[in-house]
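Trainee: What follows is the file query_1.cif, containing mmCIF, C-alpha atoms:
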data_structure
#
loop_
_atom_site.group_PDB
_atom_site.id
_atom_site.type_symbol
_atom_site.label_atom_id
_atom_site.label_comp_id
_atom_site.auth_asym_id
_atom_site.auth_seq_id
_atom_site.Cartn_x
_atom_site.Cartn_y
_atom_site.Cartn_z
ATOM 1 C CA MET A 1247 -4.576 -13.963 5.868
ATOM 2 C CA THR A 1248 -3.244 -10.425 6.329
ATOM 3 C CA PHE A 1249 -0.634 -9.839 8.966
ATOM 4 C CA THR A 1250 1.039 -6.730 10.401
ATOM 5 C CA PRO A 1251 4.794 -7.342 10.821
ATOM 6 C CA HIS A 1252 6.623 -6.511 14.077
ATOM 7 C CA PRO A 1253 10.380 -6.607 13.264
ATOM 8 C CA GLY A 1254 11.187 -5.293 16.768
ATOM 9 C CA LEU A 1255 10.196 -8.675 18.235
ATOM 10 C CA HIS A 1256 12.892 -10.507 16.237
ATOM 11 C CA PRO A 1257 15.789 -9.966 18.715
ATOM 12 C CA ILE A 1258 13.462 -10.837 21.622
ATOM 13 C CA PHE A 1259 12.677 -14.217 20.074
ATOM 14 C CA GLU A 1260 16.357 -14.654 19.183
ATOM 15 C CA ALA A 1261 17.343 -14.111 22.829
ATOM 16 C CA LEU A 1262 14.505 -16.412 23.923
ATOM 17 C CA ALA A 1263 15.765 -19.078 21.493
ATOM 18 C CA TYR A 1264 19.253 -19.041 23.054
ATOM 19 C CA THR A 1265 17.843 -19.068 26.600
ATOM 20 C CA VAL A 1266 15.337 -21.888 26.078
ATOM 21 C CA GLY A 1267 17.847 -23.894 23.998
ATOM 22 C CA TYR A 1268 20.396 -23.639 26.805
ATOM 23 C CA ALA A 1269 17.787 -24.555 29.456
ATOM 24 C CA VAL A 1270 16.740 -27.665 27.480
ATOM 25 C CA TYR A 1271 20.405 -28.643 27.037
ATOM 26 C CA ARG A 1272 21.017 -28.300 30.818
ATOM 27 C CA ARG A 1273 17.919 -30.339 31.571
ATOM 28 C CA SER A 1274 18.847 -33.193 29.239
ATOM 29 C CA ARG A 1275 22.450 -33.123 30.505
ATOM 30 C CA ASP A 1276 21.252 -33.364 34.115
ATOM 31 C CA ARG A 1277 18.826 -36.133 33.211
ATOM 32 C CA SER A 1278 20.984 -38.328 30.977
ATOM 33 C CA GLY A 1279 24.421 -37.418 32.338
ATOM 34 C CA ASP A 1280 27.506 -36.446 30.334
ATOM 35 C CA PHE A 1281 30.587 -38.539 29.592
ATOM 36 C CA LEU A 1282 32.606 -35.351 28.932
ATOM 37 C CA PRO A 1283 34.242 -33.564 31.879
ATOM 38 C CA ASP A 1284 32.993 -30.012 32.553
ATOM 39 C CA ASP A 1285 36.034 -28.223 31.125
ATOM 40 C CA HIS A 1286 35.871 -30.156 27.850
ATOM 41 C CA ARG A 1287 32.116 -29.597 27.585
ATOM 42 C CA TRP A 1288 32.570 -25.828 28.024
ATOM 43 C CA LEU A 1289 35.338 -25.846 25.438
ATOM 44 C CA VAL A 1290 32.944 -27.527 22.999
ATOM 45 C CA ILE A 1291 30.192 -24.963 23.786
ATOM 46 C CA ALA A 1292 32.595 -22.007 23.430
ATOM 47 C CA SER A 1293 34.002 -23.202 20.101
ATOM 48 C CA ALA A 1294 30.506 -23.986 18.815
ATOM 49 C CA SER A 1295 29.262 -20.490 19.806
ATOM 50 C CA ILE A 1296 32.199 -18.664 18.208
ATOM 51 C CA GLY A 1297 32.144 -20.884 15.106
ATOM 52 C CA ALA A 1298 28.382 -20.362 14.774
ATOM 53 C CA LEU A 1299 28.801 -16.603 15.116
ATOM 54 C CA LEU A 1300 31.446 -16.465 12.364
ATOM 55 C CA GLY A 1301 29.768 -19.051 10.113
ATOM 56 C CA SER A 1302 26.320 -17.462 10.242
ATOM 57 C CA ARG A 1303 27.742 -14.048 9.396
ATOM 58 C CA LEU A 1304 30.102 -15.310 6.708
ATOM 59 C CA LEU A 1305 27.394 -17.147 4.752
ATOM 60 C CA GLY A 1306 25.073 -14.147 5.315
ATOM 61 C CA LEU A 1307 27.710 -11.831 3.833
ATOM 62 C CA LEU A 1308 28.356 -14.137 0.869
ATOM 63 C CA GLU A 1309 24.604 -14.087 0.173
ATOM 64 C CA GLU A 1310 24.761 -10.288 0.008
ATOM 65 C CA ILE A 1311 27.676 -10.132 -2.438
ATOM 66 C CA PRO A 1312 25.419 -9.486 -5.470
ATOM 67 C CA PHE A 1313 23.951 -6.430 -3.682
ATOM 68 C CA SER A 1314 26.830 -4.972 -1.646
ATOM 69 C CA GLN A 1315 30.575 -5.135 -1.113
ATOM 70 C CA ILE A 1316 32.231 -6.981 1.785
ATOM 71 C CA THR A 1317 33.961 -4.407 3.997
ATOM 72 C CA TRP A 1318 35.051 -4.375 7.653
ATOM 73 C CA ARG A 1319 32.142 -1.987 8.326
ATOM 74 C CA ASN A 1320 29.667 -4.521 6.903
ATOM 75 C CA LEU A 1321 30.925 -7.163 9.335
ATOM 76 C CA LEU A 1322 29.521 -5.269 12.355
ATOM 77 C CA LEU A 1323 26.636 -3.359 10.764
ATOM 78 C CA PRO A 1324 23.217 -4.813 9.858
ATOM 79 C CA GLY A 1325 22.883 -7.583 7.324
ATOM 80 C CA GLY A 1326 22.066 -11.250 7.164
ATOM 81 C CA LYS A 1327 22.857 -14.088 9.514
ATOM 82 C CA THR A 1328 22.025 -17.606 8.407
ATOM 83 C CA ILE A 1329 21.190 -20.670 10.511
ATOM 84 C CA VAL A 1330 22.866 -23.048 8.041
ATOM 85 C CA GLY A 1331 26.087 -20.993 8.233
ATOM 86 C CA GLY A 1332 25.826 -21.027 12.042
ATOM 87 C CA LEU A 1333 25.405 -24.804 12.201
ATOM 88 C CA LEU A 1334 28.268 -25.459 9.789
ATOM 89 C CA GLY A 1335 30.574 -22.884 11.438
ATOM 90 C CA GLY A 1336 29.837 -24.381 14.864
ATOM 91 C CA TRP A 1337 30.393 -27.932 13.602
ATOM 92 C CA ILE A 1338 33.752 -27.065 11.975
ATOM 93 C CA ALA A 1339 34.939 -25.068 15.040
ATOM 94 C CA VAL A 1340 34.099 -27.954 17.412
ATOM 95 C CA GLU A 1341 35.978 -30.436 15.211
ATOM 96 C CA ILE A 1342 39.035 -28.128 15.238
ATOM 97 C CA ALA A 1343 38.872 -27.623 19.041
ATOM 98 C CA LYS A 1344 38.509 -31.389 19.575
ATOM 99 C CA ARG A 1345 41.543 -32.063 17.406
ATOM 100 C CA VAL A 1346 43.620 -29.430 19.281
ATOM 101 C CA LYS A 1347 42.581 -30.814 22.687
ATOM 102 C CA SER A 1348 42.769 -34.463 21.529
ATOM 103 C CA ILE A 1349 39.121 -35.163 22.387
ATOM 104 C CA HIS A 1350 38.220 -38.288 20.420
ATOM 105 C CA SER A 1351 34.609 -38.873 21.509
ATOM 106 C CA ARG A 1352 31.589 -37.484 19.637
ATOM 107 C CA THR A 1353 30.135 -34.568 21.574
ATOM 108 C CA GLY A 1354 27.023 -33.297 19.762
ATOM 109 C CA ASP A 1355 24.162 -35.567 20.912
ATOM 110 C CA LEU A 1356 23.167 -33.332 23.818
ATOM 111 C CA PHE A 1357 22.735 -30.363 21.440
ATOM 112 C CA ALA A 1358 20.405 -31.947 18.855
ATOM 113 C CA VAL A 1359 17.005 -31.457 20.556
ATOM 114 C CA PRO A 1360 17.921 -28.040 22.120
ATOM 115 C CA LEU A 1361 18.948 -26.832 18.633
ATOM 116 C CA CYS A 1362 15.601 -27.942 17.151
ATOM 117 C CA ILE A 1363 13.710 -26.065 19.877
ATOM 118 C CA GLY A 1364 15.952 -22.974 19.706
ATOM 119 C CA ILE A 1365 15.694 -22.665 15.917
ATOM 120 C CA ALA A 1366 11.902 -23.149 16.051
ATOM 121 C CA ILE A 1367 11.562 -20.309 18.611
ATOM 122 C CA GLY A 1368 13.863 -18.093 16.534
ATOM 123 C CA ARG A 1369 11.655 -18.729 13.481
ATOM 124 C CA ILE A 1370 8.652 -17.220 15.330
ATOM 125 C CA GLY A 1371 10.671 -13.967 15.408
ATOM 126 C CA CYS A 1372 11.443 -14.361 11.680
ATOM 127 C CA PHE A 1373 7.719 -14.765 10.926
ATOM 128 C CA LEU A 1374 6.801 -11.712 13.035
ATOM 129 C CA ALA A 1375 9.468 -9.619 11.241
ATOM 130 C CA GLY A 1376 7.602 -10.193 7.944
ATOM 131 C CA LEU A 1377 9.155 -8.849 4.747
ATOM 132 C CA ALA A 1378 12.026 -7.186 6.658
ATOM 133 C CA ASP A 1379 13.463 -10.672 7.261
ATOM 134 C CA ASP A 1380 14.475 -12.686 4.201
ATOM 135 C CA THR A 1381 12.788 -15.896 5.347
ATOM 136 C CA PHE A 1382 9.339 -15.560 3.739
ATOM 137 C CA GLY A 1383 8.193 -17.754 0.845
ATOM 138 C CA ILE A 1384 7.257 -17.129 -2.771
ATOM 139 C CA PRO A 1385 3.723 -15.912 -3.715
ATOM 140 C CA THR A 1386 1.055 -18.633 -3.525
ATOM 141 C CA SER A 1387 -2.688 -19.204 -3.917
ATOM 142 C CA VAL A 1388 -2.967 -21.813 -1.121
ATOM 143 C CA PRO A 1389 -5.644 -20.922 1.507
ATOM 144 C CA TRP A 1390 -3.030 -20.540 4.267
ATOM 145 C CA GLY A 1391 -0.919 -18.025 2.286
ATOM 146 C CA VAL A 1392 0.083 -15.010 4.446
ATOM 147 C CA ASP A 1393 0.052 -11.393 3.269
ATOM 148 C CA PHE A 1394 2.957 -9.726 5.077
ATOM 149 C CA GLY A 1395 1.721 -6.243 4.210
ATOM 150 C CA ASP A 1396 2.441 -5.932 0.461
ATOM 151 C CA GLY A 1397 -0.904 -7.372 -0.648
ATOM 152 C CA ILE A 1398 0.651 -10.645 -1.938
ATOM 153 C CA PRO A 1399 -0.173 -13.943 -0.160
ATOM 154 C CA ARG A 1400 3.061 -15.921 0.360
ATOM 155 C CA HIS A 1401 4.078 -19.326 1.684
ATOM 156 C CA PRO A 1402 4.645 -18.974 5.476
ATOM 157 C CA THR A 1403 7.938 -20.916 5.185
ATOM 158 C CA GLN A 1404 8.838 -19.978 8.781
ATOM 159 C CA PHE A 1405 5.782 -21.915 10.023
ATOM 160 C CA TYR A 1406 6.591 -24.887 7.787
ATOM 161 C CA GLU A 1407 10.029 -24.939 9.427
ATOM 162 C CA ILE A 1408 8.589 -24.689 12.954
ATOM 163 C CA LEU A 1409 6.360 -27.682 12.176
ATOM 164 C CA PHE A 1410 9.276 -29.671 10.714
ATOM 165 C CA LEU A 1411 11.528 -28.872 13.702
ATOM 166 C CA THR A 1412 8.820 -29.865 16.198
ATOM 167 C CA LEU A 1413 8.431 -33.273 14.516
ATOM 168 C CA LEU A 1414 12.219 -33.662 14.240
ATOM 169 C CA ALA A 1415 12.682 -32.809 17.948
ATOM 170 C CA LEU A 1416 10.083 -35.441 18.932
ATOM 171 C CA ALA A 1417 11.690 -38.088 16.692
ATOM 172 C CA LEU A 1418 15.219 -37.307 17.931
ATOM 173 C CA HIS A 1419 14.063 -37.297 21.561
ATOM 174 C CA ARG A 1420 12.605 -40.813 21.100
ATOM 175 C CA TYR A 1421 15.711 -41.991 19.236
ATOM 176 C CA ASP A 1422 18.057 -40.551 21.880
ATOM 177 C CA ARG A 1423 16.354 -42.519 24.671
ATOM 178 C CA ARG A 1424 17.144 -45.843 22.964
ATOM 179 C CA PRO A 1425 20.671 -47.309 22.802
ATOM 180 C CA HIS A 1426 22.472 -45.730 19.831
ATOM 181 C CA PRO A 1427 26.029 -45.089 18.618
ATOM 182 C CA GLU A 1428 27.778 -42.041 20.112
ATOM 183 C CA GLY A 1429 27.118 -38.898 18.058
ATOM 184 C CA ALA A 1430 24.298 -40.463 16.039
ATOM 185 C CA THR A 1431 21.551 -38.107 17.286
ATOM 186 C CA PHE A 1432 23.494 -35.004 16.283
ATOM 187 C CA ARG A 1433 24.498 -36.401 12.879
ATOM 188 C CA LEU A 1434 20.871 -37.301 12.155
ATOM 189 C CA PHE A 1435 19.740 -33.820 13.233
ATOM 190 C CA LEU A 1436 22.306 -32.110 11.009
ATOM 191 C CA ALA A 1437 21.563 -34.305 7.969
ATOM 192 C CA ALA A 1438 17.783 -33.885 8.419
ATOM 193 C CA TYR A 1439 17.978 -30.091 8.838
ATOM 194 C CA LEU A 1440 20.331 -29.606 5.875
ATOM 195 C CA ALA A 1441 18.111 -31.804 3.663
ATOM 196 C CA TRP A 1442 15.071 -29.810 4.822
ATOM 197 C CA ARG A 1443 16.727 -26.485 3.987
ATOM 198 C CA LEU A 1444 17.793 -27.793 0.601
ATOM 199 C CA ALA A 1445 14.123 -28.595 -0.134
ATOM 200 C CA ILE A 1446 12.316 -25.623 1.494
ATOM 201 C CA ASP A 1447 14.601 -23.006 -0.066
ATOM 202 C CA PHE A 1448 13.085 -23.870 -3.464
ATOM 203 C CA ILE A 1449 10.009 -21.891 -2.333
ATOM 204 C CA LYS A 1450 11.958 -18.860 -1.085
ATOM 205 C CA PRO A 1451 12.612 -15.908 -3.395
ATOM 206 C CA GLN A 1452 16.415 -15.887 -3.162
ATOM 207 C CA PRO A 1453 18.986 -15.063 -5.864
ATOM 208 C CA LEU A 1454 20.053 -18.241 -7.650
ATOM 209 C CA HIS A 1455 23.520 -19.306 -8.758
ATOM 210 C CA TYR A 1456 23.444 -22.198 -11.263
ATOM 211 C CA GLY A 1457 19.860 -23.064 -10.289
ATOM 212 C CA LEU A 1458 20.253 -23.020 -6.483
ATOM 213 C CA ASN A 1459 20.752 -20.342 -3.846
ATOM 214 C CA LEU A 1460 23.948 -20.100 -1.790
ATOM 215 C CA ILE A 1461 22.414 -21.792 1.272
ATOM 216 C CA GLN A 1462 21.310 -24.745 -0.873
ATOM 217 C CA TRP A 1463 24.849 -25.099 -2.260
ATOM 218 C CA ALA A 1464 26.194 -25.033 1.315
ATOM 219 C CA CYS A 1465 23.643 -27.727 2.249
ATOM 220 C CA ILE A 1466 24.682 -29.933 -0.690
ATOM 221 C CA GLY A 1467 28.401 -29.577 0.182
ATOM 222 C CA SER A 1468 27.770 -30.404 3.849
ATOM 223 C CA LEU A 1469 25.493 -33.345 3.047
ATOM 224 C CA PHE A 1470 28.301 -34.778 0.903
ATOM 225 C CA ALA A 1471 30.737 -34.263 3.808
ATOM 226 C CA LEU A 1472 28.263 -35.933 6.196
ATOM 227 C CA ALA A 1473 27.406 -38.843 3.877
ATOM 228 C CA PRO A 1474 30.255 -41.236 4.905
ATOM 229 C CA SER A 1475 29.391 -40.670 8.563
ATOM 230 C CA ILE A 1476 25.664 -41.347 7.976
ATOM 231 C CA VAL A 1477 26.448 -44.488 5.923
ATOM 232 C CA GLU A 1478 28.737 -45.689 8.742
ATOM 233 C CA LEU A 1479 25.935 -45.017 11.238
ATOM 234 C CA LEU A 1480 23.354 -46.942 9.203
ATOM 235 C CA GLN A 1481 25.751 -49.857 8.778
ATOM 236 C CA SER A 1482 26.505 -50.010 12.518
ATOM 237 C CA GLN A 1483 22.763 -49.966 13.303
ATOM 238 C CA GLU A 1484 22.142 -52.729 10.780
ATOM 239 C CA SER A 1485 24.830 -54.914 12.352
ATOM 240 C CA THR A 1486 23.468 -54.181 15.854
ATOM 241 C CA ALA A 1487 19.949 -55.173 14.719
ATOM 242 C CA ARG A 1488 21.335 -58.362 13.148
ATOM 243 C CA SER A 1489 23.190 -59.285 16.363
ATOM 244 C CA PHE A 1490 19.926 -58.962 18.320
ATOM 245 C CA GLN A 1491 18.091 -61.352 15.928
ATOM 246 C CA MET B 858 56.156 -17.733 49.036
ATOM 247 C CA SER B 859 54.677 -18.599 45.669
ATOM 248 C CA SER B 860 53.383 -22.020 44.716
ATOM 249 C CA SER B 861 52.349 -23.430 41.354
ATOM 250 C CA PRO B 862 48.554 -23.599 40.862
ATOM 251 C CA SER B 863 46.959 -26.974 41.471
ATOM 252 C CA SER B 864 45.390 -28.844 38.519
ATOM 253 C CA ASP B 865 41.932 -28.119 39.973
ATOM 254 C CA GLU B 866 42.699 -24.397 39.975
ATOM 255 C CA VAL B 867 43.907 -24.488 36.353
ATOM 256 C CA ARG B 868 40.806 -26.474 35.344
ATOM 257 C CA ARG B 869 38.500 -23.979 37.087
ATOM 258 C CA LYS B 870 40.218 -21.103 35.239
ATOM 259 C CA SER B 871 39.874 -22.765 31.844
ATOM 260 C CA ILE B 872 36.191 -23.479 32.517
ATOM 261 C CA SER B 873 35.450 -19.824 33.282
ATOM 262 C CA LEU B 874 37.365 -18.745 30.154
ATOM 263 C CA SER B 875 35.247 -20.991 27.899
ATOM 264 C CA ARG B 876 32.072 -19.925 29.694
ATOM 265 C CA LEU B 877 32.981 -16.253 29.238
ATOM 266 C CA ALA B 878 33.703 -16.855 25.538
ATOM 267 C CA SER B 879 30.268 -18.491 25.097
ATOM 268 C CA ILE B 880 28.516 -15.576 26.837
ATOM 269 C CA LEU B 881 30.390 -13.018 24.695
ATOM 270 C CA ALA B 882 29.600 -14.897 21.463
ATOM 271 C CA VAL B 883 25.877 -15.117 22.278
ATOM 272 C CA THR B 884 25.761 -11.436 23.384
ATOM 273 C CA PHE B 885 27.428 -10.491 20.087
ATOM 274 C CA ALA B 886 24.800 -12.470 18.149
ATOM 275 C CA ILE B 887 21.901 -10.809 19.999
ATOM 276 C CA ALA B 888 23.449 -7.328 19.612
ATOM 277 C CA PHE B 889 23.828 -7.997 15.891
ATOM 278 C CA GLY B 890 20.150 -8.977 15.665
ATOM 279 C CA LEU B 891 19.184 -5.779 17.508
ATOM 280 C CA CYS B 892 21.372 -3.804 15.124
ATOM 281 C CA ALA B 893 19.692 -5.370 12.083
ATOM 282 C CA VAL B 894 16.202 -4.704 13.465
ATOM 283 C CA SER B 895 17.054 -1.083 14.344
ATOM 284 C CA ALA B 896 18.164 -0.575 10.755
ATOM 285 C CA MET B 897 14.827 -1.990 9.492
ATOM 286 C CA GLY B 898 12.986 0.634 11.551
ATOM 287 C CA VAL B 899 15.022 3.696 10.480
ATOM 288 C CA VAL B 900 12.224 5.719 8.811
ATOM 289 C CA GLY B 901 10.698 9.089 9.668
ATOM 290 C CA ASP B 902 10.202 9.647 13.415
ATOM 291 C CA HIS B 903 11.930 6.375 14.286
ATOM 292 C CA GLN B 904 15.188 7.597 12.751
ATOM 293 C CA LYS B 905 16.577 8.978 16.033
ATOM 294 C CA VAL B 906 15.735 5.864 18.053
ATOM 295 C CA GLY B 907 16.904 3.568 15.239
ATOM 296 C CA THR B 908 20.345 5.100 14.790
ATOM 297 C CA GLY B 909 20.806 5.321 18.586
ATOM 298 C CA LEU B 910 20.085 1.597 18.946
ATOM 299 C CA ILE B 911 22.357 0.775 16.016
ATOM 300 C CA TRP B 912 25.324 2.465 17.690
ATOM 301 C CA ILE B 913 24.593 0.867 21.085
ATOM 302 C CA SER B 914 24.479 -2.533 19.355
ATOM 303 C CA VAL B 915 27.677 -1.846 17.395
ATOM 304 C CA ALA B 916 29.434 -0.776 20.632
ATOM 305 C CA THR B 917 28.240 -4.000 22.348
ATOM 306 C CA GLU B 918 29.495 -6.044 19.390
ATOM 307 C CA GLY B 919 32.844 -4.213 19.561
ATOM 308 C CA VAL B 920 33.226 -4.967 23.292
ATOM 309 C CA CYS B 921 32.352 -8.653 22.696
ATOM 310 C CA LEU B 922 34.792 -8.865 19.785
ATOM 311 C CA VAL B 923 37.627 -7.370 21.854
ATOM 312 C CA GLY B 924 36.711 -9.736 24.727
ATOM 313 C CA LEU B 925 36.769 -12.774 22.434
ATOM 314 C CA LEU B 926 40.126 -11.740 20.966
ATOM 315 C CA GLY B 927 41.500 -11.264 24.499
ATOM 316 C CA ILE B 928 40.271 -14.715 25.524
ATOM 317 C CA GLY B 929 41.807 -16.228 22.390
ATOM 318 C CA ILE B 930 45.197 -14.619 23.147
ATOM 319 C CA ILE B 931 45.091 -15.797 26.807
ATOM 320 C CA ALA B 932 44.155 -19.327 25.662
ATOM 321 C CA ILE B 933 47.096 -19.398 23.216
ATOM 322 C CA PHE B 934 49.516 -18.199 25.943
ATOM 323 C CA ARG B 935 48.167 -20.806 28.358
ATOM 324 C CA SER B 936 48.571 -23.619 25.871
ATOM 325 C CA ILE B 937 52.174 -22.492 25.136
ATOM 326 C CA ARG B 938 52.959 -22.376 28.888
ATOM 327 C CA GLY B 939 51.223 -25.724 29.371
ATOM 328 C CA ARG B 940 53.563 -27.343 26.871
#
As structure tokens, what does this structure read like?

Mentor:
Amino acid sequence: MTFTPHPGLHPIFEALAYTVGYAVYRRSRDRSGDFLPDDHRWLVIASASIGALLGSRLLGLLEEIPFSQITWRNLLLPGGKTIVGGLLGGWIAVEIAKRVKSIHSRTGDLFAVPLCIGIAIGRIGCFLAGLADDTFGIPTSVPWGVDFGDGIPRHPTQFYEILFLTLLALALHRYDRRPHPEGATFRLFLAAYLAWRLAIDFIKPQPLHYGLNLIQWACIGSLFALAPSIVELLQSQESTARSFQ
Amino acid sequence: MSSSPSSDEVRRKSISLSRLASILAVTFAIAFGLCAVSAMGVVGDHQKVGTGLIWISVATEGVCLVGLLGIGIIAIFRSIRGR
């Protein structure tokens, strides 16, 4: 399949991703209610947004180190932004803000499904940008390979991710409607997305460092950091299931 | 006669500060995306449009950055006064 890229549509889909993600968050907050007061919720959103902004850019810049130097000019001028960096930056910033404000409850559940939908919409823009965006896959001979204009059919990794995120959103939506420990939906989302990126990045032509690209290393580090929390979650669900028997 | 602000008033102020910070952060992200895309299109006839868009995006990012720094400084002052 040959395809003519339209990089100009990328920021439109990015803006659409933020808008739809926010609308879905508002809808689920109105429907299921929120145990956090408004001012704390906005503090969480603000720290997540700023952390995501810094994290996505920082990991994007680190990815570019082999090709260019990090300067103050490079921080504002064009270059990469990464979703994994955004998620991790947002997560760290929220944990810091919660510690400063002494918020002890887990606050991420309401963001899990909106993030799936937002990232999936953003990936449409990545696909339309073609080779100008670094999210395409390695050359392939599969029938659904996409030629982004250089005559080489490649894995449409953006579409694989849209499919994965759609299934993840449906699963998390179902899970969230059942009784579950506080923060479980978000932790499951984060673990699933990081594991997905660790796997899918094997079919992306990115520079490797010790066999993996920088995003994959970030995913491995974060999955290790998340592991105790996921184990704790699984154990608590096991004990809940046993108490029902 | 001056009176100290009620807790509701303080809460309302802190809400709008966080909301403003979120809006600035998202605007920065979109402006950065626009900047990146303009750079992709800087070839031949598009050069004029591309560089123009790049500088508009950079200016937007600069305004957002200054706004975020301002909000951060106000938040620090508020927390010091609150203590």

Trainee: Mind listing as a PyMOL selection string which residues of chain B are within 9 Å of chain A, counting only C-alpha atoms?

Mentor: chain B and resi 868-869+871-898+911+914-915+918-919+925

Trainee: So that I have them on file, write out the residues from the current selection with C-alpha atoms, as a short mmCIF file (atom, residue, chain, number, x, y, z; two decimals), in the frame of the given file.

Mentor:
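Output below, filename result.cif:
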data_model
loop_
_atom_site.label_atom_id
_atom_site.label_comp_id
_atom_site.auth_asym_id
_atom_site.auth_seq_id
_atom_site.Cartn_x
_atom_site.Cartn_y
_atom_site.Cartn_z
CA ARG B 868 40.81 -26.47 35.34
CA ARG B 869 38.50 -23.98 37.09
CA SER B 871 39.87 -22.76 31.84
CA ILE B 872 36.19 -23.48 32.52
CA SER B 873 35.45 -19.82 33.28
CA LEU B 874 37.36 -18.74 30.15
CA SER B 875 35.25 -20.99 27.90
CA ARG B 876 32.07 -19.92 29.69
CA LEU B 877 32.98 -16.25 29.24
CA ALA B 878 33.70 -16.86 25.54
CA SER B 879 30.27 -18.49 25.10
CA ILE B 880 28.52 -15.58 26.84
CA LEU B 881 30.39 -13.02 24.70
CA ALA B 882 29.60 -14.90 21.46
CA VAL B 883 25.88 -15.12 22.28
CA THR B 884 25.76 -11.44 23.38
CA PHE B 885 27.43 -10.49 20.09
CA ALA B 886 24.80 -12.47 18.15
CA ILE B 887 21.90 -10.81 20.00
CA ALA B 888 23.45 -7.33 19.61
CA PHE B 889 23.83 -8.00 15.89
CA GLY B 890 20.15 -8.98 15.66
CA LEU B 891 19.18 -5.78 17.51
CA CYS B 892 21.37 -3.80 15.12
CA ALA B 893 19.69 -5.37 12.08
CA VAL B 894 16.20 -4.70 13.46
CA SER B 895 17.05 -1.08 14.34
CA ALA B 896 18.16 -0.57 10.76
CA MET B 897 14.83 -1.99 9.49
CA GLY B 898 12.99 0.63 11.55
CA ILE B 911 22.36 0.78 16.02
CA SER B 914 24.48 -2.53 19.36
CA VAL B 915 27.68 -1.85 17.40
CA GLU B 918 29.50 -6.04 19.39
CA GLY B 919 32.84 -4.21 19.56
CA LEU B 925 36.77 -12.77 22.43
#

Trainee: What lies within 12 Å of Ile1466 of chain A using only C-alpha atoms, ignoring chain neighbours under 2 positions off, as a count of residues only?

Mentor: 23

Trainee: Show me, as a count of residues only, the residues that have an atom within 8 Å of segment 1350-1355 of chain A when counting only C-alpha atoms, minus same-chain residues fewer than 2 positions from it.

Mentor: 14

Trainee: Using all atoms listed in the file, which protein or nucleic acid residues come within 9 Å of Leu1416 of chain A? Drop anything in the same chain fewer than 5 positions from it, and give the result as an MDAnalysis selection string.

Mentor: chainID A and resid 1359 1411 1421

Trainee: Enumerate, as a tab-separated table (two decimals) with C-alpha atoms, keeping the file's coordinate frame, the residues matched when the PyMOL selection byres ((chain A and resi 1390-1403) around 10) is run on the file above.

Mentor:
chain	number	residue	atom	x	y	z
A	1247	MET	CA	-4.58	-13.96	5.87
A	1248	THR	CA	-3.24	-10.42	6.33
A	1249	PHE	CA	-0.63	-9.84	8.97
A	1250	THR	CA	1.04	-6.73	10.40
A	1251	PRO	CA	4.79	-7.34	10.82
A	1369	ARG	CA	11.66	-18.73	13.48
A	1372	CYS	CA	11.44	-14.36	11.68
A	1373	PHE	CA	7.72	-14.76	10.93
A	1374	LEU	CA	6.80	-11.71	13.04
A	1375	ALA	CA	9.47	-9.62	11.24
A	1376	GLY	CA	7.60	-10.19	7.94
A	1377	LEU	CA	9.15	-8.85	4.75
A	1378	ALA	CA	12.03	-7.19	6.66
A	1381	THR	CA	12.79	-15.90	5.35
A	1382	PHE	CA	9.34	-15.56	3.74
A	1383	GLY	CA	8.19	-17.75	0.84
A	1384	ILE	CA	7.26	-17.13	-2.77
A	1385	PRO	CA	3.72	-15.91	-3.72
A	1386	THR	CA	1.06	-18.63	-3.52
A	1387	SER	CA	-2.69	-19.20	-3.92
A	1388	VAL	CA	-2.97	-21.81	-1.12
A	1389	PRO	CA	-5.64	-20.92	1.51
A	1404	GLN	CA	8.84	-19.98	8.78
A	1405	PHE	CA	5.78	-21.92	10.02
A	1406	TYR	CA	6.59	-24.89	7.79
A	1407	GLU	CA	10.03	-24.94	9.43
A	1408	ILE	CA	8.59	-24.69	12.95
A	1409	LEU	CA	6.36	-27.68	12.18
A	1446	ILE	CA	12.32	-25.62	1.49
A	1447	ASP	CA	14.60	-23.01	-0.07
A	1449	ILE	CA	10.01	-21.89	-2.33
A	1450	LYS	CA	11.96	-18.86	-1.08

Trainee: What does the distance from atom CA of Leu1333 of chain A to atom CA of Phe1435 of chain A come to in Å, to one decimal?

Mentor: 10.7 Å

Trainee: For segment 1249-1262 of chain A, take all atoms listed in the file, fit an axis-aligned box around them, add 6 Å to each of the six sides, then output centre and edge lengths in Å rounded to one decimal, as AutoDock Vina command-line options.

Mentor:
--center_x 8.4 --center_y -10.9 --center_z 16.4 --size_x 30.0 --size_y 23.1 --size_z 27.0
